[in-house]
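This is protein09.cif. It holds mmCIF, N, CA and C atoms.
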```cif
data_target
#
loop_
_atom_site.group_PDB
_atom_site.id
_atom_site.type_symbol
_atom_site.label_atom_id
_atom_site.label_comp_id
_atom_site.auth_asym_id
_atom_site.auth_seq_id
_atom_site.Cartn_x
_atom_site.Cartn_y
_atom_site.Cartn_z
ATOM 1 N N MET A 1 -0.565 18.363 4.351
ATOM 2 C CA MET A 1 -0.033 17.039 4.104
ATOM 3 C C MET A 1 -0.801 16.035 4.959
ATOM 4 N N SER A 2 -1.087 14.869 4.398
ATOM 5 C CA SER A 2 -1.838 13.868 5.140
ATOM 6 C C SER A 2 -0.955 13.167 6.162
ATOM 7 N N GLN A 3 -1.573 12.738 7.230
ATOM 8 C CA GLN A 3 -0.866 12.044 8.291
ATOM 9 C C GLN A 3 -0.468 10.651 7.812
ATOM 10 N N LYS A 4 0.736 10.228 8.148
ATOM 11 C CA LYS A 4 1.230 8.913 7.738
ATOM 12 C C LYS A 4 1.383 8.014 8.950
ATOM 13 N N THR A 5 1.299 6.730 8.735
ATOM 14 C CA THR A 5 1.555 5.738 9.766
ATOM 15 C C THR A 5 2.289 4.574 9.117
ATOM 16 N N MET A 6 2.754 3.644 9.899
ATOM 17 C CA MET A 6 3.514 2.528 9.349
ATOM 18 C C MET A 6 2.741 1.228 9.473
ATOM 19 N N LEU A 7 2.937 0.362 8.490
ATOM 20 C CA LEU A 7 2.483 -1.026 8.533
ATOM 21 C C LEU A 7 3.742 -1.887 8.517
ATOM 22 N N TRP A 8 3.729 -2.955 9.251
ATOM 23 C CA TRP A 8 4.883 -3.843 9.298
ATOM 24 C C TRP A 8 4.459 -5.234 8.868
ATOM 25 N N CYS A 9 5.392 -5.955 8.277
ATOM 26 C CA CYS A 9 5.139 -7.358 7.963
ATOM 27 C C CYS A 9 6.448 -8.128 8.055
ATOM 28 N N ARG A 10 6.330 -9.383 8.291
ATOM 29 C CA ARG A 10 7.490 -10.263 8.333
ATOM 30 C C ARG A 10 7.413 -11.213 7.147
ATOM 31 N N VAL A 11 8.529 -11.358 6.464
ATOM 32 C CA VAL A 11 8.625 -12.294 5.347
ATOM 33 C C VAL A 11 9.947 -13.032 5.460
ATOM 34 N N ASN A 12 10.050 -14.143 4.748
ATOM 35 C CA ASN A 12 11.326 -14.851 4.784
ATOM 36 C C ASN A 12 12.332 -14.152 3.868
ATOM 37 N N VAL A 13 13.570 -14.546 3.965
ATOM 38 C CA VAL A 13 14.659 -13.885 3.238
ATOM 39 C C VAL A 13 14.432 -13.922 1.725
ATOM 40 N N GLU A 14 13.930 -15.029 1.218
ATOM 41 C CA GLU A 14 13.715 -15.151 -0.227
ATOM 42 C C GLU A 14 12.698 -14.127 -0.729
ATOM 43 N N ILE A 15 11.608 -13.962 0.002
ATOM 44 C CA ILE A 15 10.581 -12.986 -0.379
ATOM 45 C C ILE A 15 11.166 -11.574 -0.332
ATOM 46 N N LYS A 16 11.919 -11.272 0.710
ATOM 47 C CA LYS A 16 12.534 -9.955 0.826
ATOM 48 C C LYS A 16 13.431 -9.664 -0.378
ATOM 49 N N GLU A 17 14.220 -10.635 -0.777
ATOM 50 C CA GLU A 17 15.119 -10.450 -1.918
ATOM 51 C C GLU A 17 14.337 -10.212 -3.212
ATOM 52 N N ILE A 18 13.242 -10.928 -3.385
ATOM 53 C CA ILE A 18 12.401 -10.740 -4.570
ATOM 54 C C ILE A 18 11.801 -9.340 -4.582
ATOM 55 N N VAL A 19 11.281 -8.912 -3.432
ATOM 56 C CA VAL A 19 10.673 -7.581 -3.331
ATOM 57 C C VAL A 19 11.718 -6.502 -3.596
ATOM 58 N N GLU A 20 12.905 -6.659 -3.025
ATOM 59 C CA GLU A 20 13.976 -5.688 -3.265
ATOM 60 C C GLU A 20 14.313 -5.599 -4.756
ATOM 61 N N LYS A 21 14.405 -6.739 -5.408
ATOM 62 C CA LYS A 21 14.741 -6.771 -6.830
ATOM 63 C C LYS A 21 13.631 -6.128 -7.669
ATOM 64 N N LEU A 22 12.381 -6.459 -7.372
ATOM 65 C CA LEU A 22 11.265 -5.884 -8.124
ATOM 66 C C LEU A 22 11.186 -4.372 -7.937
ATOM 67 N N ALA A 23 11.349 -3.917 -6.709
ATOM 68 C CA ALA A 23 11.310 -2.476 -6.443
ATOM 69 C C ALA A 23 12.457 -1.775 -7.174
ATOM 70 N N ARG A 24 13.639 -2.346 -7.101
ATOM 71 C CA ARG A 24 14.793 -1.763 -7.785
ATOM 72 C C ARG A 24 14.553 -1.704 -9.295
ATOM 73 N N THR A 25 13.988 -2.765 -9.856
ATOM 74 C CA THR A 25 13.675 -2.811 -11.291
ATOM 75 C C THR A 25 12.703 -1.711 -11.681
ATOM 76 N N LYS A 26 11.726 -1.439 -10.807
ATOM 77 C CA LYS A 26 10.739 -0.388 -11.076
ATOM 78 C C LYS A 26 11.270 1.005 -10.749
ATOM 79 N N GLY A 27 12.433 1.073 -10.090
ATOM 80 C CA GLY A 27 13.007 2.366 -9.732
ATOM 81 C C GLY A 27 12.317 3.039 -8.563
ATOM 82 N N ILE A 28 11.744 2.227 -7.672
ATOM 83 C CA ILE A 28 11.054 2.766 -6.500
ATOM 84 C C ILE A 28 11.584 2.093 -5.235
ATOM 85 N N THR A 29 11.228 2.664 -4.096
ATOM 86 C CA THR A 29 11.637 2.075 -2.830
ATOM 87 C C THR A 29 10.772 0.859 -2.507
ATOM 88 N N ILE A 30 11.265 0.048 -1.586
ATOM 89 C CA ILE A 30 10.478 -1.094 -1.122
ATOM 90 C C ILE A 30 9.174 -0.596 -0.500
ATOM 91 N N SER A 31 9.262 0.479 0.254
ATOM 92 C CA SER A 31 8.073 1.055 0.878
ATOM 93 C C SER A 31 7.020 1.433 -0.165
ATOM 94 N N GLU A 32 7.452 2.085 -1.218
ATOM 95 C CA GLU A 32 6.516 2.487 -2.277
ATOM 96 C C GLU A 32 5.947 1.269 -2.996
ATOM 97 N N TYR A 33 6.768 0.264 -3.214
ATOM 98 C CA TYR A 33 6.308 -0.970 -3.873
ATOM 99 C C TYR A 33 5.199 -1.628 -3.045
ATOM 100 N N ILE A 34 5.439 -1.774 -1.756
ATOM 101 C CA ILE A 34 4.448 -2.422 -0.895
ATOM 102 C C ILE A 34 3.205 -1.548 -0.740
ATOM 103 N N ARG A 35 3.398 -0.241 -0.638
ATOM 104 C CA ARG A 35 2.259 0.685 -0.566
ATOM 105 C C ARG A 35 1.363 0.506 -1.789
ATOM 106 N N ASN A 36 1.980 0.425 -2.967
ATOM 107 C CA ASN A 36 1.216 0.213 -4.206
ATOM 108 C C ASN A 36 0.465 -1.107 -4.184
ATOM 109 N N LEU A 37 1.095 -2.166 -3.655
ATOM 110 C CA LEU A 37 0.411 -3.461 -3.560
ATOM 111 C C LEU A 37 -0.828 -3.369 -2.682
ATOM 112 N N VAL A 38 -0.695 -2.695 -1.544
ATOM 113 C CA VAL A 38 -1.830 -2.546 -0.624
ATOM 114 C C VAL A 38 -2.950 -1.758 -1.293
ATOM 115 N N LEU A 39 -2.608 -0.621 -1.903
ATOM 116 C CA LEU A 39 -3.628 0.205 -2.555
ATOM 117 C C LEU A 39 -4.303 -0.527 -3.710
ATOM 118 N N GLU A 40 -3.535 -1.261 -4.513
ATOM 119 C CA GLU A 40 -4.117 -2.031 -5.620
ATOM 120 C C GLU A 40 -5.078 -3.097 -5.093
ATOM 121 N N ASP A 41 -4.693 -3.772 -4.001
ATOM 122 C CA ASP A 41 -5.555 -4.803 -3.437
ATOM 123 C C ASP A 41 -6.846 -4.192 -2.884
ATOM 124 N N LEU A 42 -6.733 -3.087 -2.164
ATOM 125 C CA LEU A 42 -7.931 -2.430 -1.640
ATOM 126 C C LEU A 42 -8.842 -1.966 -2.773
ATOM 127 N N ASP A 43 -8.252 -1.431 -3.821
ATOM 128 C CA ASP A 43 -9.041 -0.973 -4.959
ATOM 129 C C ASP A 43 -9.732 -2.152 -5.640
ATOM 130 N N LYS A 44 -9.009 -3.241 -5.820
ATOM 131 C CA LYS A 44 -9.576 -4.435 -6.458
ATOM 132 C C LYS A 44 -10.763 -4.967 -5.656
ATOM 133 N N ARG A 45 -10.710 -4.814 -4.361
ATOM 134 C CA ARG A 45 -11.783 -5.291 -3.489
ATOM 135 C C ARG A 45 -12.894 -4.251 -3.299
ATOM 136 N N SER A 46 -12.802 -3.143 -3.997
ATOM 137 C CA SER A 46 -13.790 -2.058 -3.943
ATOM 138 C C SER A 46 -13.923 -1.446 -2.555
ATOM 139 N N ILE A 47 -12.869 -1.500 -1.775
ATOM 140 C CA ILE A 47 -12.903 -0.944 -0.425
ATOM 141 C C ILE A 47 -13.148 0.559 -0.458
ATOM 142 N N PHE A 48 -12.452 1.272 -1.352
ATOM 143 C CA PHE A 48 -12.604 2.719 -1.414
ATOM 144 C C PHE A 48 -14.034 3.104 -1.771
ATOM 145 N N THR A 49 -14.615 2.409 -2.735
ATOM 146 C CA THR A 49 -15.991 2.688 -3.155
ATOM 147 C C THR A 49 -16.955 2.441 -2.001
ATOM 148 N N THR A 50 -16.763 1.339 -1.287
ATOM 149 C CA THR A 50 -17.621 1.009 -0.153
ATOM 150 C C THR A 50 -17.536 2.081 0.920
ATOM 151 N N ILE A 51 -16.325 2.522 1.242
ATOM 152 C CA ILE A 51 -16.141 3.546 2.268
ATOM 153 C C ILE A 51 -16.805 4.850 1.837
ATOM 154 N N LEU A 52 -16.630 5.223 0.582
ATOM 155 C CA LEU A 52 -17.231 6.462 0.093
ATOM 156 C C LEU A 52 -18.753 6.394 0.137
ATOM 157 N N LYS A 53 -19.327 5.253 -0.247
ATOM 158 C CA LYS A 53 -20.781 5.095 -0.230
ATOM 159 C C LYS A 53 -21.334 5.189 1.184
ATOM 160 N N GLN A 54 -20.585 4.678 2.160
ATOM 161 C CA GLN A 54 -21.037 4.704 3.544
ATOM 162 C C GLN A 54 -20.823 6.071 4.176
ATOM 163 N N GLY A 55 -19.990 6.894 3.542
ATOM 164 C CA GLY A 55 -19.697 8.208 4.089
ATOM 165 C C GLY A 55 -18.761 8.162 5.282
ATOM 166 N N ASN A 56 -18.108 7.037 5.478
ATOM 167 C CA ASN A 56 -17.197 6.864 6.616
ATOM 168 C C ASN A 56 -15.753 7.052 6.183
ATOM 169 N N ILE A 57 -15.432 8.238 5.746
ATOM 170 C CA ILE A 57 -14.071 8.472 5.288
ATOM 171 C C ILE A 57 -13.550 9.760 5.913
ATOM 172 N N SER A 58 -12.357 9.700 6.420
ATOM 173 C CA SER A 58 -11.763 10.888 7.036
ATOM 174 C C SER A 58 -11.182 11.783 5.962
ATOM 175 N N GLN A 59 -10.920 13.014 6.290
ATOM 176 C CA GLN A 59 -10.343 13.961 5.339
ATOM 177 C C GLN A 59 -8.998 13.471 4.834
ATOM 178 N N SER A 60 -8.158 12.906 5.704
ATOM 179 C CA SER A 60 -6.838 12.453 5.271
ATOM 180 C C SER A 60 -6.962 11.260 4.322
ATOM 181 N N ALA A 61 -7.888 10.356 4.572
ATOM 182 C CA ALA A 61 -8.092 9.229 3.663
ATOM 183 C C ALA A 61 -8.624 9.725 2.328
ATOM 184 N N GLU A 62 -9.503 10.712 2.370
ATOM 185 C CA GLU A 62 -10.054 11.276 1.150
ATOM 186 C C GLU A 62 -8.948 11.881 0.281
ATOM 187 N N THR A 63 -7.989 12.522 0.914
ATOM 188 C CA THR A 63 -6.859 13.108 0.196
ATOM 189 C C THR A 63 -6.024 12.022 -0.461
ATOM 190 N N ARG A 64 -5.799 10.902 0.233
ATOM 191 C CA ARG A 64 -4.978 9.830 -0.325
ATOM 192 C C ARG A 64 -5.649 9.169 -1.517
ATOM 193 N N ILE A 65 -6.971 9.064 -1.498
ATOM 194 C CA ILE A 65 -7.680 8.391 -2.581
ATOM 195 C C ILE A 65 -7.618 9.218 -3.858
ATOM 196 N N SER A 66 -7.752 10.535 -3.745
ATOM 197 C CA SER A 66 -7.784 11.357 -4.943
ATOM 198 C C SER A 66 -6.423 11.679 -5.469
#
```
Starting from the file, lay out its structure as structure tokens.
Amino acid sequence: MSQKTMLWCRVNVEIKEIVEKLARTKGITISEYIRNLVLEDLDKRSIFTTILKQGNISQSAETRIS
């Protein structure tokens, strides 16, 4: 199993309520919703491709990408 760590962010109450509603609508946790947002943004920015091309990827990151 890959090693996990936490990311934290602060948002106002309105944003939190929107995120809770969207996650509930999708049937996922808030954590999973935000995790998906981060991964989608990194993918859109070609971060994974850049890291792979440079060869600077750890085994645990490699597992998460695939």
(request) Report the distance between CA of Ile15 (chain A) and CA of Arg35 (chain A) in Å, rounded to one decimal place. (result)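 CA of Arg35 (chain A) lies at a distance of 16.0 Å from CA of Ile15 (chain A).
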(request) Can you work out the spacing between CA of Ser31 (chain A) and atom C of Val19 (chain A) in Å, to one decimal? (result)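 Atom C of Val19 (chain A) lies 9.5 Å from CA of Ser31 (chain A).
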(request) Between atom C of Leu7 (chain A) and CA of Leu42 (chain A), measure the distance and give it in Å to one decimal. (result)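 Taking atom C of Leu7 (chain A) and CA of Leu42 (chain A), their separation equals 15.5 Å.
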(message) Quick check for you: according to DSSP on this backbone, which residues of chain A are classed as alpha helix (DSSP H)? Reply as a ChimeraX atom specification.
(response) /A:13-26,30-44,47-54,59-65
